[in-house]
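Student: One file is attached below, upload_20.cif, containing mmCIF, C-alpha atoms.
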```cif
data_my_file
loop_
_atom_site.label_atom_id
_atom_site.label_comp_id
_atom_site.auth_asym_id
_atom_site.auth_seq_id
_atom_site.Cartn_x
_atom_site.Cartn_y
_atom_site.Cartn_z
CA MET A 1 18.19 61.79 31.44
CA LYS A 2 16.98 58.67 33.28
CA LYS A 3 18.62 55.39 32.17
CA HIS A 4 16.30 52.42 31.86
CA THR A 5 17.55 49.05 33.12
CA LYS A 6 16.02 45.58 33.14
CA GLY A 7 14.68 44.70 36.55
CA PRO A 8 14.60 41.19 38.06
CA GLY A 9 11.03 40.68 36.86
CA ARG A 10 11.84 41.39 33.23
CA ARG A 11 14.92 39.16 33.36
CA PHE A 12 12.81 36.36 34.87
CA TRP A 13 10.17 36.50 32.11
CA PHE A 14 12.86 36.70 29.46
CA ALA A 15 14.40 33.50 30.87
CA VAL A 16 10.97 31.82 30.91
CA GLN A 17 10.45 32.71 27.25
CA VAL A 18 13.88 31.35 26.32
CA LEU A 19 13.22 28.09 28.16
CA ALA A 20 9.76 27.76 26.61
CA GLY A 21 11.22 28.30 23.15
CA ALA A 22 13.92 25.71 23.80
CA ALA A 23 11.31 23.23 25.04
CA ALA A 24 9.19 23.81 21.93
CA LEU A 25 12.18 23.27 19.66
CA THR A 26 13.10 20.09 21.54
CA ALA A 27 9.55 18.76 21.20
CA LEU A 28 9.54 19.59 17.50
CA GLY A 29 12.88 17.87 17.08
CA LEU A 30 11.59 14.74 18.81
CA MET A 31 8.52 14.71 16.55
CA VAL A 32 10.66 15.01 13.43
CA TRP A 33 13.06 12.34 14.71
CA THR A 34 10.17 9.96 15.50
CA TRP A 35 8.54 10.58 12.10
CA TRP A 36 11.85 9.98 10.32
CA GLY A 37 12.34 6.70 12.19
CA TYR A 38 8.86 5.55 11.20
CA ARG A 39 9.47 6.42 7.57
CA GLN A 40 12.85 4.68 7.56
CA SER A 41 11.25 1.56 9.07
CA ALA A 42 8.32 1.59 6.62
CA ARG A 43 10.65 1.91 3.62
CA ALA A 44 12.85 -0.93 4.84
CA PHE A 45 9.94 -3.34 5.25
CA GLU A 46 8.34 -2.28 1.97
CA GLN A 47 11.61 -3.11 0.21
CA LEU A 48 11.70 -6.52 1.88
CA GLN A 49 8.11 -7.20 0.81
CA GLN A 50 8.81 -6.20 -2.79
CA GLN A 51 12.06 -8.11 -3.04
CA TYR A 52 11.26 -11.38 -1.26
CA THR A 53 7.48 -11.92 -1.47
CA ALA A 54 4.93 -12.30 -4.26
CA PRO A 55 1.29 -13.43 -4.54
CA ALA A 56 0.95 -17.20 -4.39
CA ALA A 57 0.77 -18.93 -7.75
CA SER A 58 -2.35 -20.93 -6.86
CA ALA A 59 -5.56 -19.28 -8.08
CA GLN A 60 -7.39 -20.86 -5.13
CA ASP A 61 -5.26 -18.96 -2.60
CA THR A 62 -4.77 -15.53 -4.11
CA GLU A 63 -4.37 -13.95 -0.66
CA LEU A 64 -1.42 -16.14 0.27
CA LEU A 65 2.17 -15.13 -0.37
CA ASP A 66 5.13 -16.94 -1.82
CA VAL A 67 8.05 -16.01 0.45
CA ASP A 68 11.48 -16.65 -1.03
CA PHE A 69 13.12 -17.85 2.18
CA GLU A 70 16.20 -19.12 0.37
CA ALA A 71 17.07 -15.65 -0.93
CA LEU A 72 15.77 -13.90 2.18
CA ARG A 73 17.89 -15.93 4.60
CA GLN A 74 20.92 -15.70 2.37
CA ASP A 75 20.77 -11.91 2.69
CA TRP A 76 19.30 -11.73 6.21
CA PRO A 77 20.27 -14.97 8.01
CA ASP A 78 18.39 -14.11 11.22
CA VAL A 79 14.97 -14.16 9.49
CA VAL A 80 13.07 -17.21 10.76
CA ALA A 81 9.51 -16.59 9.49
CA TRP A 82 7.09 -14.11 7.95
CA ILE A 83 3.81 -12.98 9.54
CA GLN A 84 0.81 -11.72 7.55
CA TRP A 85 -2.32 -10.24 9.15
CA PRO A 86 -4.09 -7.61 7.03
CA LEU A 87 -6.46 -6.63 9.87
CA MET A 88 -3.48 -5.57 12.00
CA GLY A 89 -1.49 -4.17 9.06
CA LEU A 90 1.14 -6.89 9.47
CA ASP A 91 3.23 -8.07 6.54
CA HIS A 92 6.65 -8.46 8.15
CA PRO A 93 9.60 -10.79 8.54
CA ILE A 94 10.26 -12.26 11.98
CA VAL A 95 13.89 -12.31 13.06
CA GLN A 96 15.61 -14.01 15.99
CA GLY A 97 18.68 -12.65 17.70
CA SER A 98 21.04 -14.24 20.20
CA THR A 99 19.39 -12.02 22.85
CA ASN A 100 16.03 -10.27 23.12
CA THR A 101 17.71 -6.88 22.82
CA GLN A 102 19.52 -7.50 19.53
CA TYR A 103 16.57 -6.45 17.35
CA LEU A 104 14.74 -4.35 19.92
CA ARG A 105 16.10 -1.20 18.25
CA ALA A 106 17.44 -2.61 14.99
CA LEU A 107 16.03 -3.46 11.57
CA PRO A 108 16.65 -6.92 10.05
CA ASP A 109 19.83 -5.61 8.38
CA GLY A 110 21.19 -4.60 11.81
CA SER A 111 20.88 -0.84 11.27
CA TRP A 112 19.62 1.15 14.25
CA ASN A 113 15.95 2.13 14.29
CA ASN A 114 13.82 3.06 17.28
CA GLY A 115 10.98 0.86 16.03
CA GLY A 116 13.19 -2.21 15.79
CA SER A 117 11.93 -5.44 14.24
CA ILE A 118 9.37 -8.10 15.02
CA PHE A 119 11.41 -10.82 16.68
CA LEU A 120 11.15 -14.30 18.13
CA GLU A 121 12.03 -14.99 21.77
CA ALA A 122 15.75 -15.78 21.91
CA ASN A 123 15.13 -18.89 24.04
CA ASN A 124 12.79 -20.46 21.49
CA GLU A 125 14.44 -23.20 19.47
CA THR A 126 12.22 -22.52 16.44
CA VAL A 127 9.19 -20.41 15.58
CA LEU A 128 7.21 -23.69 15.50
CA ASP A 129 7.90 -24.57 19.15
CA TRP A 130 4.93 -25.69 21.22
CA HIS A 131 4.96 -22.21 22.72
CA ALA A 132 6.65 -19.52 20.64
CA ILE A 133 6.72 -15.87 21.74
CA VAL A 134 7.00 -13.07 19.17
CA TYR A 135 7.63 -9.46 20.23
CA GLY A 136 6.97 -6.17 18.47
CA HIS A 137 6.77 -2.52 19.47
CA ASN A 138 3.47 -0.75 20.11
CA MET A 139 4.12 1.96 17.50
CA ARG A 140 2.21 5.25 17.69
CA ASP A 141 1.38 5.17 13.98
CA GLY A 142 -0.23 1.73 14.34
CA SER A 143 2.55 -0.14 12.55
CA MET A 144 4.32 -3.26 13.87
CA PHE A 145 2.23 -4.41 16.89
CA GLY A 146 0.63 -1.00 17.32
CA GLN A 147 -2.91 -2.31 16.74
CA LEU A 148 -2.88 -5.46 18.89
CA MET A 149 -4.50 -3.76 21.86
CA ASN A 150 -7.63 -3.21 19.74
CA PHE A 151 -8.60 -6.72 20.77
CA LEU A 152 -9.22 -5.45 24.29
CA ASP A 153 -12.20 -3.56 22.87
CA GLU A 154 -15.36 -5.67 22.94
CA ASP A 155 -16.95 -3.94 19.93
CA PHE A 156 -13.77 -4.38 17.88
CA CYS A 157 -13.70 -8.10 18.69
CA ALA A 158 -17.34 -8.49 17.70
CA ARG A 159 -16.87 -6.63 14.41
CA ASN A 160 -13.74 -8.57 13.47
CA ALA A 161 -14.48 -12.04 14.82
CA ASP A 162 -14.03 -13.52 11.35
CA GLN A 163 -10.55 -11.98 11.08
CA ALA A 164 -9.17 -13.07 14.45
CA TRP A 165 -6.40 -15.10 12.83
CA PHE A 166 -3.09 -14.59 11.06
CA ILE A 167 -0.81 -16.52 8.73
CA LEU A 168 2.69 -17.68 9.59
CA TYR A 169 5.08 -18.45 6.72
CA THR A 170 8.14 -20.56 7.48
CA PRO A 171 10.66 -22.48 5.36
CA GLU A 172 8.87 -25.63 6.58
CA GLY A 173 5.36 -24.57 5.57
CA ILE A 174 2.49 -22.09 5.95
CA TRP A 175 0.09 -22.21 8.90
CA ARG A 176 -3.00 -20.37 10.03
CA TYR A 177 -3.07 -19.32 13.71
CA ASP A 178 -6.44 -18.65 15.41
CA LEU A 179 -6.76 -16.30 18.39
CA PHE A 180 -8.12 -17.75 21.60
CA SER A 181 -7.02 -15.28 24.29
CA VAL A 182 -6.06 -11.63 24.87
CA GLU A 183 -4.50 -10.55 28.16
CA GLN A 184 -2.99 -7.60 29.96
CA VAL A 185 0.02 -8.97 31.82
CA MET A 186 3.37 -8.06 33.30
CA SER A 187 6.58 -8.87 31.45
CA THR A 188 7.65 -11.11 34.35
CA ASP A 189 4.46 -13.20 34.33
CA PRO A 190 5.55 -16.88 34.35
CA GLY A 191 2.08 -17.86 33.19
CA VAL A 192 2.80 -16.24 29.82
CA TYR A 193 6.53 -15.83 29.24
CA MET A 194 7.64 -19.45 29.42
CA VAL A 195 8.97 -21.55 26.56
CA GLY A 196 10.35 -25.06 26.22
CA TYR A 197 7.05 -26.90 26.56
CA LEU A 198 6.40 -30.32 25.11
CA PRO A 199 2.96 -31.78 24.41
CA GLY A 200 1.37 -33.19 27.54
CA GLU A 201 -0.54 -32.38 30.69
CA GLU A 202 1.65 -29.43 31.70
CA PHE A 203 1.31 -27.76 28.31
CA ASN A 204 -2.43 -28.39 28.23
CA GLY A 205 -2.82 -26.71 31.63
CA PHE A 206 -0.72 -23.78 30.46
CA VAL A 207 -2.95 -23.26 27.39
CA GLN A 208 -6.21 -23.63 29.32
CA ALA A 209 -5.05 -21.07 31.88
CA MET A 210 -4.41 -18.52 29.10
CA LYS A 211 -7.86 -19.26 27.69
CA GLU A 212 -9.56 -18.76 31.07
CA ARG A 213 -7.75 -15.47 31.71
CA SER A 214 -8.77 -13.94 28.37
CA ALA A 215 -10.26 -10.46 28.65
CA ARG A 216 -12.52 -11.13 25.65
CA ALA A 217 -14.45 -14.12 24.36
CA LEU A 218 -12.70 -15.39 21.24
CA GLY A 219 -13.95 -18.23 19.11
CA SER A 220 -11.07 -20.70 19.06
CA LYS A 221 -10.99 -23.48 21.68
CA PRO A 222 -7.49 -24.99 21.95
CA ASP A 223 -7.21 -28.42 23.56
CA GLY A 224 -3.44 -28.60 24.07
CA THR A 225 -2.80 -30.80 21.04
CA ARG A 226 -1.50 -28.01 18.78
CA PRO A 227 1.33 -25.48 19.20
CA VAL A 228 0.56 -21.98 20.46
CA MET A 229 2.06 -18.61 19.57
CA THR A 230 1.99 -15.49 21.75
CA LEU A 231 2.25 -12.02 20.22
CA SER A 232 3.47 -9.54 22.83
CA THR A 233 3.76 -5.76 22.90
CA CYS A 234 4.02 -3.04 25.56
CA THR A 235 0.98 -0.94 26.47
CA SER A 236 0.71 2.84 26.50
CA VAL A 237 1.87 2.75 30.13
CA GLY A 238 5.36 2.08 28.87
CA ALA A 239 7.85 -0.72 28.54
CA GLU A 240 9.72 0.43 31.64
CA ALA A 241 6.76 -0.43 33.84
CA GLY A 242 6.58 -3.92 32.36
CA HIS A 243 2.96 -3.73 31.24
CA ARG A 244 2.16 -5.89 28.22
CA ILE A 245 -0.69 -6.83 25.90
CA THR A 246 -0.52 -10.42 24.70
CA LEU A 247 -2.54 -12.22 22.05
CA HIS A 248 -2.45 -16.01 22.13
CA ALA A 249 -3.20 -18.06 19.01
CA VAL A 250 -3.34 -21.79 18.35
CA GLN A 251 -1.90 -23.35 15.23
CA GLY A 252 -4.58 -24.39 12.75
CA ASP A 253 -4.57 -25.66 9.17
CA ARG A 254 -1.39 -26.01 7.17
CA LEU A 255 -2.37 -23.81 4.23
CA ASP A 256 0.31 -24.80 1.72
CA GLN A 257 -0.94 -28.39 1.84
CA LEU A 258 -4.49 -27.20 1.14
CA LYS A 259 -3.41 -25.45 -2.07
CA ALA A 260 -3.02 -28.62 -4.07
#
```
Just give me the structure as structure tokens.
Tutor:
Amino acid sequence: MKKHTKGPGRRFWFAVQVLAGAAALTALGLMVWTWWGYRQSARAFEQLQQQYTAPAASAQDTELLDVDFEALRQDWPDVVAWIQWPLMGLDHPIVQGSTNTQYLRALPDGSWNNGGSIFLEANNETVLDWHAIVYGHNMRDGSMFGQLMNFLDEDFCARNADQAWFILYTPEGIWRYDLFSVEQVMSTDPGVYMVGYLPGEEFNGFVQAMKERSARALGSKPDGTRPVMTLSTCTSVGAEAGHRITLHAVQGDRLDQLKA
């Protein structure tokens, strides 16, 4: 009786099937791991919202929040501000670490999370500096800064021109910030990633250059007499390549003074 044995071809295809199965399982594991990280991050920020924020008491400003910074900073001392922008799905604390990597992969309580936190440039003295830079990940589910690059789309800008602004809550007060520029830049670009400015000719030139480089026409026209904030996130090309999307906004009205 003839004995059947596996030839080289059959062994090769068996190995291919094993490798394909392993690759599929790895991909599935990465999807589950990513989803779990997103859910963990969403729950953490929802808890912060519920515990430390509430609708403003003034009937004239029902969309504003009351942020309990005293309690918030007692529990999470690195929180420096809160950003609210319904159009972009933003309702988050802003933290500041001693380095720009401290909260890159960590939630405000310090626990590890791939999505990290929204954080202020470590070299900024305060979030109200004349040029403050705030970073956040470009999350695949659109959370954090995952929707900022929508402002590169001309139709999106036209449809949402009346919502091209966000609110910054700080222990010192509440301000509106109006967008005036959107750029695609490199992370090493000195024309964007510089802090330490004071009001004057140099700062005015810096602001006007950002305005002139904008990829889209935005309504606000800064004149260098008000502080500016840059929101920065990586593009789909990847953080390793250094490609960034930046939105630049100029400080507008102080909203808590308008409530009275």
Student: Could you name the residues that touch Arg216 of chain A at 8 Å or less, counting only C-alpha atoms, but leaving out those on the same chain fewer than 2 positions away, as a list in words?
Tutor: Phe151, Leu152, Glu154, Cys157, Ser181, Val182, Ser214 and Leu218 of chain A
Student: Can I get the selection written as a tab-separated table (two decimals), in the coordinates of the input, with C-alpha atoms?
Tutor:
```
chain	number	residue	atom	x	y	z
A	151	PHE	CA	-8.60	-6.72	20.77
A	152	LEU	CA	-9.22	-5.45	24.29
A	154	GLU	CA	-15.36	-5.67	22.94
A	157	CYS	CA	-13.70	-8.10	18.69
A	181	SER	CA	-7.02	-15.28	24.29
A	182	VAL	CA	-6.06	-11.63	24.87
A	214	SER	CA	-8.77	-13.94	28.37
A	218	LEU	CA	-12.70	-15.39	21.24
```
Student: Could you state which residues are captured by the PyMOL selection byres ((chain A and resi 111-116) around 10) in this file, as a PyMOL selection string?
Tutor: chain A and resi 33-34+36-38+40-42+101-110+117-119+136-140+143-144
Student: Taking all atoms listed in the file into account, which of A:His131, A:His248, A:Arg73, A:Lys211 comes nearest Tyr177 of chain A?
Tutor: A:His248
Student: With 12 Å as the threshold, what does the neighbourhood of (-3.8, -1.3, 29.9) contain in terms of residues, counting only C-alpha atoms? Coordinates are those of the file; answer as JSON, numbers by chain.
Tutor: {"A": [148, 149, 150, 151, 152, 153, 182, 183, 184, 185, 186, 215, 233, 234, 235, 236, 237, 238, 239, 241, 242, 243, 244, 245, 246]}
Student: Please enumerate the residues selected by the PyMOL selection byres ((chain A and resi 129) around 12) when evaluated against the supplied file, formatted as a ChimeraX atom specification.
Tutor: /A:120-121,123-128,130-134,194-199,203,226-230,250-251
